[in-house]
$ cat protein00.cif   # mmCIF, C-alpha atoms
data_entry
loop_
_atom_site.label_atom_id
_atom_site.label_comp_id
_atom_site.auth_asym_id
_atom_site.auth_seq_id
_atom_site.Cartn_x
_atom_site.Cartn_y
_atom_site.Cartn_z
CA MET A 234 11.91 -38.80 122.51
CA THR A 235 11.73 -41.65 120.01
CA PRO A 236 14.17 -41.09 117.15
CA GLN A 237 12.73 -40.86 113.67
CA ARG A 238 14.25 -44.06 112.30
CA ILE A 239 13.53 -47.75 111.76
CA THR A 240 16.26 -50.34 112.22
CA MET A 241 14.51 -53.51 111.15
CA ILE A 242 11.30 -54.42 109.33
CA THR A 243 10.05 -57.86 110.36
CA LEU A 244 7.27 -59.77 108.63
CA ALA A 245 5.60 -62.50 110.65
CA VAL A 246 5.16 -65.52 108.36
CA ALA A 247 3.14 -68.69 108.70
CA ASP A 248 5.66 -70.93 106.91
CA LEU A 249 9.25 -69.67 106.94
CA GLU A 250 10.50 -72.02 104.22
CA GLN A 251 7.65 -71.06 101.89
CA SER A 252 8.42 -67.37 102.49
CA ARG A 253 12.17 -67.86 102.03
CA THR A 254 11.37 -69.50 98.69
CA PHE A 255 9.19 -66.56 97.65
CA TYR A 256 11.77 -63.86 98.48
CA THR A 257 14.55 -65.91 96.89
CA ALA A 258 12.41 -66.16 93.75
CA LEU A 259 12.12 -62.36 93.84
CA GLY A 260 15.91 -62.23 93.71
CA TRP A 261 16.62 -61.38 97.34
CA VAL A 262 19.78 -62.78 98.92
CA GLU A 263 19.63 -63.91 102.53
CA ALA A 264 22.25 -62.61 104.97
CA GLU A 265 24.05 -64.74 107.53
CA GLY A 266 22.56 -65.30 110.97
CA GLY A 267 19.28 -66.96 110.05
CA ASN A 268 17.92 -70.26 111.29
CA ASP A 269 14.69 -72.25 111.19
CA LYS A 270 12.79 -69.39 112.84
CA ILE A 271 14.19 -66.26 111.17
CA ALA A 272 15.74 -65.10 107.90
CA PHE A 273 17.62 -61.78 107.60
CA TYR A 274 18.04 -59.67 104.45
CA LYS A 275 20.37 -56.65 104.48
CA ILE A 276 18.85 -53.56 102.92
CA ALA A 277 20.39 -50.10 102.90
CA GLY A 278 20.86 -49.03 106.51
CA GLN A 279 18.43 -51.66 107.78
CA PHE A 280 17.63 -55.31 108.08
CA PHE A 281 14.46 -56.84 106.68
CA ALA A 282 13.48 -60.11 108.35
CA LEU A 283 11.03 -62.97 107.97
CA TYR A 284 10.13 -64.42 111.37
CA ALA A 285 8.05 -67.49 112.15
CA LYS A 286 4.66 -66.40 113.47
CA ASP A 287 4.72 -68.94 116.32
CA ALA A 288 8.04 -67.53 117.53
CA LEU A 289 6.67 -63.97 117.48
CA ILE A 290 3.61 -65.10 119.44
CA THR A 291 5.98 -66.59 122.05
CA ASP A 292 8.03 -63.37 122.19
CA LEU A 293 4.97 -61.18 122.62
CA GLY A 294 3.31 -63.53 125.09
CA MET A 295 -0.06 -63.47 123.38
CA PRO A 296 -1.77 -64.79 120.27
CA ILE A 297 -1.43 -62.29 117.44
CA HIS A 298 -5.18 -62.40 116.83
CA GLU A 299 -5.69 -60.97 120.33
CA ARG A 300 -3.99 -57.82 119.10
CA SER A 301 -5.18 -57.37 115.57
CA THR A 302 -2.22 -55.55 114.07
CA GLY A 303 -2.66 -52.71 111.65
CA THR A 304 -2.15 -52.94 107.93
CA ILE A 305 1.26 -51.90 106.62
CA THR A 306 2.27 -51.57 102.99
CA LEU A 307 5.88 -51.68 101.86
CA ALA A 308 6.78 -49.81 98.69
CA THR A 309 9.70 -50.14 96.32
CA ASN A 310 10.07 -47.34 93.81
CA TYR A 311 11.45 -47.46 90.28
CA ASN A 312 12.64 -44.93 87.74
CA SER A 313 9.95 -45.54 85.13
CA PRO A 314 6.55 -47.17 84.54
CA LYS A 315 8.29 -49.77 82.38
CA GLU A 316 10.51 -50.79 85.29
CA VAL A 317 7.38 -51.06 87.45
CA ASP A 318 5.77 -53.37 84.89
CA CYS A 319 8.87 -55.59 84.83
CA ALA A 320 9.08 -55.75 88.62
CA PHE A 321 5.38 -56.57 88.87
CA ALA A 322 5.69 -59.35 86.28
CA ASP A 323 8.69 -60.76 88.13
CA ALA A 324 6.76 -60.77 91.40
CA VAL A 325 3.81 -62.55 89.83
CA ALA A 326 6.20 -65.09 88.32
CA ALA A 327 7.64 -65.60 91.81
CA GLY A 328 4.18 -66.48 93.10
CA ALA A 329 2.84 -63.11 94.29
CA ILE A 330 -0.91 -62.60 94.57
CA ILE A 331 -2.12 -59.80 92.27
CA ILE A 332 -3.96 -57.05 94.14
CA THR A 333 -3.96 -54.23 91.56
CA GLU A 334 -2.30 -54.32 88.16
CA PRO A 335 0.14 -51.41 87.60
CA LYS A 336 -1.65 -48.34 86.28
CA GLU A 337 -1.56 -44.55 86.40
CA VAL A 338 -2.87 -43.47 89.80
CA PHE A 339 -4.51 -40.41 91.26
CA TRP A 340 -1.38 -38.90 92.84
CA GLY A 341 0.37 -38.61 89.48
CA GLY A 342 2.44 -41.76 89.58
CA TYR A 343 2.26 -45.31 88.24
CA SER A 344 1.67 -48.10 90.71
CA GLY A 345 0.65 -51.71 91.26
CA ASN A 346 0.15 -53.80 94.37
CA PHE A 347 0.84 -57.46 95.09
CA ALA A 348 0.80 -59.64 98.21
CA ASP A 349 3.36 -62.18 99.38
CA PRO A 350 2.30 -65.64 100.65
CA ASP A 351 1.16 -64.23 104.03
CA GLY A 352 -0.77 -61.31 102.54
CA HIS A 353 1.93 -58.70 103.23
CA LEU A 354 1.21 -55.89 100.80
CA TRP A 355 3.95 -54.58 98.50
CA GLU A 356 3.52 -51.60 96.21
CA VAL A 357 5.74 -51.22 93.14
CA ALA A 358 5.69 -47.62 92.03
CA HIS A 359 7.12 -44.90 89.86
CA ASN A 360 6.81 -41.47 91.46
CA PRO A 361 7.91 -38.73 89.06
CA PHE A 362 8.19 -36.32 92.02
CA TRP A 363 10.64 -38.45 94.04
CA ALA A 364 14.27 -38.98 93.04
CA LEU A 365 16.30 -42.15 93.66
CA ASP A 366 20.09 -42.30 93.74
CA ASP A 367 22.13 -44.91 91.86
CA ASP A 368 21.57 -47.43 94.66
CA GLY A 369 17.80 -46.90 94.58
CA GLN A 370 17.82 -44.97 97.86
CA LEU A 371 15.33 -42.14 98.19
CA ILE A 372 17.15 -38.82 98.02
CA GLY A 373 14.34 -36.28 97.98
CA GLY A 374 10.71 -35.64 97.52
CA THR A 375 7.61 -33.74 98.52
CA MET B 169 14.32 -59.17 89.67
CA THR B 170 12.93 -57.17 92.57
CA PRO B 171 15.65 -55.01 94.13
CA GLN B 172 16.45 -55.60 97.78
CA ARG B 173 15.20 -52.26 99.09
CA ILE B 174 12.15 -50.54 100.59
CA THR B 175 11.29 -46.97 99.64
CA MET B 176 8.34 -46.26 101.90
CA ILE B 177 6.74 -47.89 104.94
CA THR B 178 3.03 -47.07 105.17
CA LEU B 179 0.83 -47.77 108.16
CA ALA B 180 -2.91 -47.88 107.52
CA VAL B 181 -4.60 -46.01 110.35
CA ALA B 182 -8.22 -45.80 111.43
CA ASP B 183 -8.07 -42.15 112.55
CA LEU B 184 -5.33 -40.08 110.91
CA GLU B 185 -5.53 -37.18 113.37
CA GLN B 186 -5.29 -39.52 116.37
CA SER B 187 -2.27 -41.21 114.80
CA ARG B 188 -0.62 -37.88 113.89
CA THR B 189 -1.02 -36.88 117.54
CA PHE B 190 0.59 -40.11 118.73
CA TYR B 191 3.66 -39.83 116.45
CA THR B 192 4.01 -36.13 117.25
CA ALA B 193 3.96 -37.04 120.95
CA LEU B 194 6.78 -39.53 120.22
CA GLY B 195 8.78 -36.59 118.89
CA TRP B 196 8.43 -37.26 115.16
CA VAL B 197 8.28 -34.28 112.81
CA GLU B 198 5.96 -34.43 109.82
CA ALA B 199 7.34 -33.63 106.37
CA GLU B 200 5.58 -31.48 103.80
CA GLY B 201 3.12 -32.98 101.36
CA GLY B 202 0.55 -34.40 103.73
CA ASN B 203 -3.18 -33.78 103.82
CA ASP B 204 -6.29 -35.14 105.54
CA LYS B 205 -5.61 -38.64 104.19
CA ILE B 206 -1.83 -39.04 104.55
CA ALA B 207 1.08 -37.86 106.68
CA PHE B 208 4.72 -38.26 105.58
CA TYR B 209 7.78 -38.54 107.84
CA LYS B 210 11.27 -38.50 106.32
CA ILE B 211 13.54 -41.18 107.70
CA ALA B 212 17.04 -42.00 106.46
CA GLY B 213 16.73 -42.99 102.81
CA GLN B 214 13.00 -43.59 103.11
CA PHE B 215 9.62 -42.15 103.85
CA PHE B 216 7.39 -43.46 106.61
CA ALA B 217 3.71 -42.65 106.13
CA LEU B 218 0.40 -42.80 107.96
CA TYR B 219 -2.45 -43.34 105.53
CA ALA B 220 -6.18 -43.33 106.22
CA LYS B 221 -7.48 -46.88 106.08
CA ASP B 222 -10.52 -45.92 104.00
CA ALA B 223 -8.24 -44.38 101.36
CA LEU B 224 -6.10 -47.53 101.21
CA ILE B 225 -9.23 -49.64 100.80
CA THR B 226 -10.22 -47.46 97.86
CA ASP B 227 -6.74 -47.76 96.32
CA LEU B 228 -6.69 -51.54 96.64
CA GLY B 229 -10.28 -51.93 95.51
CA MET B 230 -11.27 -54.27 98.30
CA PRO B 231 -11.95 -54.23 102.02
CA ILE B 232 -8.74 -54.86 103.95
CA HIS B 233 -10.43 -57.62 105.93
CA GLU B 234 -10.88 -59.57 102.69
CA ARG B 235 -7.10 -59.83 102.52
CA SER B 236 -5.99 -60.36 106.07
CA THR B 237 -2.55 -58.80 105.98
CA GLY B 238 0.37 -60.33 107.79
CA THR B 239 1.83 -59.05 111.00
CA ILE B 240 4.82 -56.70 110.70
CA THR B 241 6.96 -55.38 113.52
CA LEU B 242 9.08 -52.25 113.19
CA ALA B 243 12.19 -52.02 115.33
CA THR B 244 14.25 -49.06 116.45
CA ASN B 245 17.59 -49.91 118.02
CA TYR B 246 19.50 -48.05 120.71
CA ASN B 247 23.04 -48.11 122.04
CA SER B 248 22.22 -49.34 125.56
CA PRO B 249 19.50 -50.94 127.69
CA LYS B 250 19.13 -47.64 129.51
CA GLU B 251 18.31 -45.86 126.24
CA VAL B 252 15.75 -48.58 125.52
CA ASP B 253 14.12 -47.99 128.91
CA CYS B 254 13.92 -44.24 128.23
CA ALA B 255 12.45 -44.74 124.75
CA PHE B 256 9.90 -47.21 126.10
CA ALA B 257 8.85 -44.83 128.88
CA ASP B 258 8.52 -42.01 126.35
CA ALA B 259 6.31 -44.16 124.13
CA VAL B 260 4.07 -45.13 127.03
CA ALA B 261 3.82 -41.46 128.00
CA ALA B 262 2.79 -40.73 124.41
CA GLY B 263 -0.09 -43.18 124.71
CA ALA B 264 1.46 -46.44 123.48
CA ILE B 265 -0.07 -49.75 124.55
CA ILE B 266 2.41 -51.88 126.52
CA ILE B 267 2.95 -55.32 124.97
CA THR B 268 6.15 -56.46 126.72
CA GLU B 269 8.19 -54.41 129.20
CA PRO B 270 11.87 -54.09 128.20
CA LYS B 271 13.91 -57.05 129.45
CA GLU B 272 16.89 -59.22 128.55
CA VAL B 273 15.79 -61.54 125.75
CA PHE B 274 16.85 -64.93 124.44
CA TRP B 275 18.96 -63.67 121.53
CA GLY B 276 21.33 -61.79 123.83
CA GLY B 277 19.83 -58.32 123.62
CA TYR B 278 17.45 -56.13 125.60
CA SER B 279 14.03 -55.46 124.15
CA GLY B 280 10.50 -54.24 124.76
CA ASN B 281 7.42 -54.03 122.55
CA PHE B 282 4.63 -51.50 122.36
CA ALA B 283 1.71 -50.86 120.01
CA ASP B 284 0.53 -47.60 118.47
CA PRO B 285 -3.19 -46.65 118.41
CA ASP B 286 -3.91 -49.06 115.52
CA GLY B 287 -2.02 -51.97 117.02
CA HIS B 288 1.10 -51.52 114.86
CA LEU B 289 3.87 -53.25 116.77
CA TRP B 290 7.12 -51.42 117.55
CA GLU B 291 10.12 -53.04 119.18
CA VAL B 292 12.67 -50.90 121.02
CA ALA B 293 15.89 -52.85 121.34
CA HIS B 294 19.54 -52.87 122.21
CA ASN B 295 21.47 -55.45 120.21
CA PRO B 296 25.08 -55.71 121.40
CA PHE B 297 25.98 -57.48 118.14
CA TRP B 298 24.74 -54.71 115.83
CA ALA B 299 26.48 -51.35 115.45
CA LEU B 300 24.76 -48.03 114.76
CA ASP B 301 26.46 -44.99 113.28
CA ASP B 302 26.15 -41.48 114.72
CA ASP B 303 22.83 -41.01 112.91
CA GLY B 304 21.43 -44.25 114.31
CA GLN B 305 21.69 -46.03 110.95
CA LEU B 306 22.58 -49.70 111.04
CA ILE B 307 26.15 -50.19 109.82
CA GLY B 308 26.78 -53.86 110.43
CA GLY B 309 25.65 -57.03 112.07
CA THR B 310 25.21 -60.77 111.92
#
$ encode --input "protein00.cif" --output "structure tokens"
Amino acid sequence: MTPQRITMITLAVADLEQSRTFYTALGWVEAEGGNDKIAFYKIAGQFFALYAKDALITDLGMPIHERSTGTITLATNYNSPKEVDCAFADAVAAGAIIITEPKEVFWGGYSGNFADPDGHLWEVAHNPFWALDDDGQLIGGT
Amino acid sequence: MTPQRITMITLAVADLEQSRTFYTALGWVEAEGGNDKIAFYKIAGQFFALYAKDALITDLGMPIHERSTGTITLATNYNSPKEVDCAFADAVAAGAIIITEPKEVFWGGYSGNFADPDGHLWEVAHNPFWALDDDGQLIGGT
């Protein structure tokens, strides 16, 4: 049985220095252990990593385009629509590509979407039905 | 400033029922709140979700192929190579596509890669330099 957990989220990136610059501009602080192929960021209970696409291709032993990977979106939730607007503006200022401007959405929340330099999709959202603790960790919902 | 956290990890899937069946076969238990477009799974401090690709396309207001999204890998770590072997075998039995068989890898750990029905890449790994708590949450490293 595969346990219901995720230890690390790794984004394959075309240009590691460009991506480091983007996430630094977002305010993220890199952890130790990185090099010219990988950058680690500690998040609650997990690592988030940026990994050079050519290195991942070597690890997997095949070109990534041979296995067209699925689309993943990563969401960060906030306590109010105003906080979503601020986060979205900060991301755009950091160089994010606008996908959808923050707005009220069909499921009862407030949400916008942007993409990082490699097209990785991030949602910034306020969900009035989900509670966050003081560290921003999800503590309940649905 | 964008906080250094991720609230939800969402995989776009071509066939939600096929994907539900795959993750159920892996041993994952669906949370409440899902429907014919989305399935939620509670993981520590986060939700993991499977979301119908056509619904995501509607949300984003564009075909996904217009914005070729980057490649993401999701990793679940284990306490030993033997546990990795078991998890890998379970995934293959559940219908996973083999990408790399588990083996000792260059960074000093033991790792294999498989893909789910949509090509989403999962790594199962033992990292002797990273510690997990009793719940499998990452508690240190690098």
$ resolve_selection --input "protein00.cif" --expression "the PyMOL selection byres ((chain B and resi 182) around 6)" --output "list of chain:residue names"
B:Val181, B:Asp183, B:Lys221
$ residues_around --input "protein00.cif" --residues "A:Ser252" --least-positions-apart "5" --cutoff "9 Å" --atoms "all atoms listed in the file" --output "ChimeraX atom specification"
/A:246-247,257,283,349-351
$ residues_around --input "protein00.cif" --residues "B:Lys210" --least-positions-apart "5" --cutoff "7 Å" --atoms "all atoms listed in the file" --output "number ranges by chain"
B: 199, 215-216
$ write_last_selection --input "protein00.cif" --atoms "C-alpha atoms" --output "compact mmCIF listing (two decimals), in the frame of the given file"
# COMPACT_ATOMS: atom_id res chain seq x y z
CA ALA B 199 7.34 -33.63 106.37
CA PHE B 215 9.62 -42.15 103.85
CA PHE B 216 7.39 -43.46 106.61
$ resolve_selection --input "protein00.cif" --expression "the PyMOL selection byres ((chain A) within 7 of (chain B))" --output "JSON, numbers by chain"
{"A": [234, 235, 237, 238, 239, 240, 241, 242, 243, 244, 245, 259, 260, 261, 265, 266, 276, 277, 278, 279, 293, 300, 301, 302, 303, 304, 305, 306, 307, 308, 309, 310, 320, 323, 332, 333, 351, 352, 353, 370, 371, 372, 375]}
$ atom_distance --input "protein00.cif" --atom1 "atom CA of A:Asn360" --atom2 "atom CA of A:Ala326"
23.8 Å
$ calpha_fit_and_write --input "protein00.cif" --fixed "chain B" --moving "chain A" --output "CSV table (one decimal) with C-alpha atoms, in the frame of the given file"
chain,number,residue,atom,x,y,z
A,234,MET,CA,14.3,-59.2,89.7
A,235,THR,CA,12.9,-57.2,92.6
A,236,PRO,CA,15.7,-55.0,94.1
A,237,GLN,CA,16.5,-55.6,97.8
A,238,ARG,CA,15.2,-52.2,99.1
A,239,ILE,CA,12.2,-50.5,100.6
A,240,THR,CA,11.3,-47.0,99.6
A,241,MET,CA,8.3,-46.3,101.9
A,242,ILE,CA,6.7,-47.9,104.9
A,243,THR,CA,3.0,-47.1,105.2
A,244,LEU,CA,0.8,-47.8,108.2
A,245,ALA,CA,-2.9,-47.9,107.5
A,246,VAL,CA,-4.6,-46.0,110.3
A,247,ALA,CA,-8.2,-45.8,111.4
A,248,ASP,CA,-8.1,-42.2,112.5
A,249,LEU,CA,-5.3,-40.1,110.9
A,250,GLU,CA,-5.5,-37.2,113.4
A,251,GLN,CA,-5.3,-39.5,116.4
A,252,SER,CA,-2.2,-41.2,114.8
A,253,ARG,CA,-0.6,-37.9,113.9
A,254,THR,CA,-1.0,-36.9,117.5
A,255,PHE,CA,0.6,-40.1,118.7
A,256,TYR,CA,3.7,-39.8,116.5
A,257,THR,CA,4.0,-36.1,117.2
A,258,ALA,CA,4.0,-37.0,120.9
A,259,LEU,CA,6.8,-39.5,120.2
A,260,GLY,CA,8.8,-36.6,118.9
A,261,TRP,CA,8.4,-37.2,115.2
A,262,VAL,CA,8.3,-34.3,112.8
A,263,GLU,CA,6.0,-34.4,109.8
A,264,ALA,CA,7.3,-33.6,106.4
A,265,GLU,CA,5.6,-31.5,103.8
A,266,GLY,CA,3.1,-33.0,101.4
A,267,GLY,CA,0.5,-34.4,103.8
A,268,ASN,CA,-3.2,-33.8,103.8
A,269,ASP,CA,-6.3,-35.1,105.5
A,270,LYS,CA,-5.6,-38.6,104.2
A,271,ILE,CA,-1.8,-39.0,104.5
A,272,ALA,CA,1.1,-37.9,106.7
A,273,PHE,CA,4.7,-38.3,105.6
A,274,TYR,CA,7.8,-38.5,107.8
A,275,LYS,CA,11.3,-38.5,106.3
A,276,ILE,CA,13.6,-41.2,107.7
A,277,ALA,CA,17.0,-42.0,106.4
A,278,GLY,CA,16.7,-43.0,102.8
A,279,GLN,CA,13.0,-43.6,103.1
A,280,PHE,CA,9.6,-42.1,103.8
A,281,PHE,CA,7.4,-43.5,106.6
A,282,ALA,CA,3.7,-42.6,106.1
A,283,LEU,CA,0.4,-42.8,108.0
A,284,TYR,CA,-2.4,-43.3,105.5
A,285,ALA,CA,-6.2,-43.3,106.2
A,286,LYS,CA,-7.5,-46.9,106.1
A,287,ASP,CA,-10.5,-45.9,104.0
A,288,ALA,CA,-8.2,-44.4,101.4
A,289,LEU,CA,-6.1,-47.5,101.2
A,290,ILE,CA,-9.2,-49.7,100.8
A,291,THR,CA,-10.2,-47.5,97.9
A,292,ASP,CA,-6.7,-47.8,96.3
A,293,LEU,CA,-6.7,-51.5,96.7
A,294,GLY,CA,-10.3,-51.9,95.5
A,295,MET,CA,-11.2,-54.3,98.3
A,296,PRO,CA,-11.9,-54.2,102.1
A,297,ILE,CA,-8.7,-54.9,104.0
A,298,HIS,CA,-10.4,-57.6,106.0
A,299,GLU,CA,-10.9,-59.6,102.7
A,300,ARG,CA,-7.1,-59.8,102.6
A,301,SER,CA,-6.0,-60.3,106.1
A,302,THR,CA,-2.6,-58.8,106.0
A,303,GLY,CA,0.4,-60.3,107.8
A,304,THR,CA,1.8,-59.0,111.0
A,305,ILE,CA,4.8,-56.7,110.7
A,306,THR,CA,7.0,-55.4,113.5
A,307,LEU,CA,9.1,-52.3,113.2
A,308,ALA,CA,12.2,-52.0,115.3
A,309,THR,CA,14.2,-49.1,116.4
A,310,ASN,CA,17.6,-49.9,118.0
A,311,TYR,CA,19.5,-48.1,120.7
A,312,ASN,CA,23.0,-48.1,122.1
A,313,SER,CA,22.2,-49.3,125.5
A,314,PRO,CA,19.5,-50.9,127.7
A,315,LYS,CA,19.1,-47.6,129.5
A,316,GLU,CA,18.3,-45.9,126.2
A,317,VAL,CA,15.7,-48.6,125.5
A,318,ASP,CA,14.1,-48.0,128.9
A,319,CYS,CA,13.9,-44.2,128.2
A,320,ALA,CA,12.5,-44.7,124.8
A,321,PHE,CA,9.9,-47.2,126.1
A,322,ALA,CA,8.8,-44.8,128.9
A,323,ASP,CA,8.5,-42.0,126.4
A,324,ALA,CA,6.3,-44.2,124.1
A,325,VAL,CA,4.1,-45.1,127.0
A,326,ALA,CA,3.8,-41.5,128.0
A,327,ALA,CA,2.8,-40.7,124.4
A,328,GLY,CA,-0.1,-43.2,124.7
A,329,ALA,CA,1.5,-46.4,123.5
A,330,ILE,CA,-0.1,-49.7,124.5
A,331,ILE,CA,2.4,-51.9,126.5
A,332,ILE,CA,2.9,-55.3,125.0
A,333,THR,CA,6.1,-56.5,126.7
A,334,GLU,CA,8.2,-54.4,129.2
A,335,PRO,CA,11.9,-54.1,128.2
A,336,LYS,CA,13.9,-57.0,129.4
A,337,GLU,CA,16.9,-59.2,128.5
A,338,VAL,CA,15.8,-61.6,125.8
A,339,PHE,CA,16.8,-64.9,124.4
A,340,TRP,CA,19.0,-63.7,121.5
A,341,GLY,CA,21.3,-61.8,123.8
A,342,GLY,CA,19.8,-58.3,123.6
A,343,TYR,CA,17.4,-56.1,125.6
A,344,SER,CA,14.0,-55.5,124.1
A,345,GLY,CA,10.5,-54.2,124.8
A,346,ASN,CA,7.4,-54.0,122.5
A,347,PHE,CA,4.6,-51.5,122.4
A,348,ALA,CA,1.7,-50.9,120.0
A,349,ASP,CA,0.5,-47.6,118.5
A,350,PRO,CA,-3.2,-46.7,118.4
A,351,ASP,CA,-3.9,-49.0,115.5
A,352,GLY,CA,-2.0,-52.0,117.0
A,353,HIS,CA,1.1,-51.5,114.8
A,354,LEU,CA,3.9,-53.3,116.8
A,355,TRP,CA,7.1,-51.4,117.5
A,356,GLU,CA,10.1,-53.0,119.2
A,357,VAL,CA,12.7,-50.9,121.0
A,358,ALA,CA,15.9,-52.8,121.3
A,359,HIS,CA,19.5,-52.9,122.2
A,360,ASN,CA,21.5,-55.5,120.2
A,361,PRO,CA,25.1,-55.7,121.4
A,362,PHE,CA,26.0,-57.5,118.1
A,363,TRP,CA,24.7,-54.7,115.8
A,364,ALA,CA,26.5,-51.4,115.5
A,365,LEU,CA,24.8,-48.0,114.8
A,366,ASP,CA,26.5,-45.0,113.3
A,367,ASP,CA,26.1,-41.5,114.7
A,368,ASP,CA,22.8,-41.0,112.9
A,369,GLY,CA,21.4,-44.3,114.3
A,370,GLN,CA,21.7,-46.0,111.0
A,371,LEU,CA,22.6,-49.7,111.0
A,372,ILE,CA,26.1,-50.2,109.8
A,373,GLY,CA,26.8,-53.9,110.4
A,374,GLY,CA,25.7,-57.0,112.1
A,375,THR,CA,25.3,-60.8,112.0
$ atom_distance --input "protein00.cif" --atom1 "atom CA of B:Gly277" --atom2 "atom CA of A:Ile290"
18.1 Å
$ resolve_selection --input "protein00.cif" --expression "the PyMOL selection byres ((chain B and resi 204) around 9)" --output "PyMOL selection string"
chain B and resi 184-185+202-203+205-207+220
$ atom_distance --input "protein00.cif" --atom1 "atom CA of B:Asp222" --atom2 "atom CA of A:Ser344"
18.2 Å
$ closest_residue --input "protein00.cif" --among "A:Pro296, A:Gly341, A:Phe255, A:Gly328" --to "A:Trp363" --atoms "only C-alpha atoms"
A:Gly341
$ decode --input "protein00.cif" --residues "stretch 284-304 of chain B" --atoms "N, CA and C atoms" --output "mmCIF file, in the first residue's frame"
data_model
loop_
_atom_site.group_PDB
_atom_site.id
_atom_site.type_symbol
_atom_site.label_atom_id
_atom_site.label_comp_id
_atom_site.auth_asym_id
_atom_site.auth_seq_id
_atom_site.Cartn_x
_atom_site.Cartn_y
_atom_site.Cartn_z
ATOM 1 N N ASP B 284 1.448 7.545 -13.249
ATOM 2 C CA ASP B 284 0.028 7.186 -13.101
ATOM 3 C C ASP B 284 -0.633 7.204 -14.487
ATOM 4 N N PRO B 285 -1.950 6.962 -14.580
ATOM 5 C CA PRO B 285 -2.553 6.816 -15.913
ATOM 6 C C PRO B 285 -2.413 8.043 -16.821
ATOM 7 N N ASP B 286 -2.203 9.239 -16.239
ATOM 8 C CA ASP B 286 -2.038 10.436 -17.063
ATOM 9 C C ASP B 286 -0.583 10.813 -17.280
ATOM 10 N N GLY B 287 0.337 9.956 -16.814
ATOM 11 C CA GLY B 287 1.743 10.279 -16.992
ATOM 12 C C GLY B 287 2.340 11.085 -15.854
ATOM 13 N N HIS B 288 1.555 11.376 -14.803
ATOM 14 C CA HIS B 288 2.106 12.095 -13.652
ATOM 15 C C HIS B 288 3.193 11.241 -13.017
ATOM 16 N N LEU B 289 4.347 11.831 -12.821
ATOM 17 C CA LEU B 289 5.520 11.085 -12.360
ATOM 18 C C LEU B 289 5.598 11.056 -10.841
ATOM 19 N N TRP B 290 5.725 9.867 -10.291
ATOM 20 C CA TRP B 290 5.923 9.657 -8.855
ATOM 21 C C TRP B 290 7.265 8.985 -8.642
ATOM 22 N N GLU B 291 8.026 9.518 -7.678
ATOM 23 C CA GLU B 291 9.260 8.857 -7.262
ATOM 24 C C GLU B 291 9.007 8.196 -5.905
ATOM 25 N N VAL B 292 9.453 6.967 -5.749
ATOM 26 C CA VAL B 292 9.459 6.329 -4.428
ATOM 27 C C VAL B 292 10.921 6.195 -4.043
ATOM 28 N N ALA B 293 11.265 6.696 -2.865
ATOM 29 C CA ALA B 293 12.685 6.866 -2.543
ATOM 30 C C ALA B 293 12.985 6.575 -1.087
ATOM 31 N N HIS B 294 14.211 6.115 -0.867
ATOM 32 C CA HIS B 294 14.788 6.119 0.475
ATOM 33 C C HIS B 294 15.977 7.066 0.438
ATOM 34 N N ASN B 295 15.950 8.062 1.308
ATOM 35 C CA ASN B 295 17.050 9.020 1.397
ATOM 36 C C ASN B 295 17.658 8.888 2.784
ATOM 37 N N PRO B 296 18.857 8.299 2.881
ATOM 38 C CA PRO B 296 19.438 8.069 4.214
ATOM 39 C C PRO B 296 19.790 9.360 4.943
ATOM 40 N N PHE B 297 19.745 10.498 4.220
ATOM 41 C CA PHE B 297 20.099 11.777 4.834
ATOM 42 C C PHE B 297 18.870 12.560 5.312
ATOM 43 N N TRP B 298 17.674 12.052 5.024
ATOM 44 C CA TRP B 298 16.448 12.736 5.428
ATOM 45 C C TRP B 298 15.696 11.863 6.419
ATOM 46 N N ALA B 299 15.215 12.471 7.487
ATOM 47 C CA ALA B 299 14.484 11.718 8.512
ATOM 48 C C ALA B 299 12.983 11.951 8.375
ATOM 49 N N LEU B 300 12.222 10.891 8.608
ATOM 50 C CA LEU B 300 10.759 10.972 8.619
ATOM 51 C C LEU B 300 10.270 10.709 10.043
ATOM 52 N N ASP B 301 9.195 11.382 10.430
ATOM 53 C CA ASP B 301 8.619 11.083 11.740
ATOM 54 C C ASP B 301 7.687 9.870 11.636
ATOM 55 N N ASP B 302 7.021 9.539 12.741
ATOM 56 C CA ASP B 302 6.198 8.327 12.756
ATOM 57 C C ASP B 302 5.041 8.388 11.757
ATOM 58 N N ASP B 303 4.635 9.605 11.397
ATOM 59 C CA ASP B 303 3.563 9.763 10.411
ATOM 60 C C ASP B 303 4.093 9.841 8.985
ATOM 61 N N GLY B 304 5.399 9.716 8.812
ATOM 62 C CA GLY B 304 5.972 9.803 7.477
ATOM 63 C C GLY B 304 6.217 11.229 7.019
#
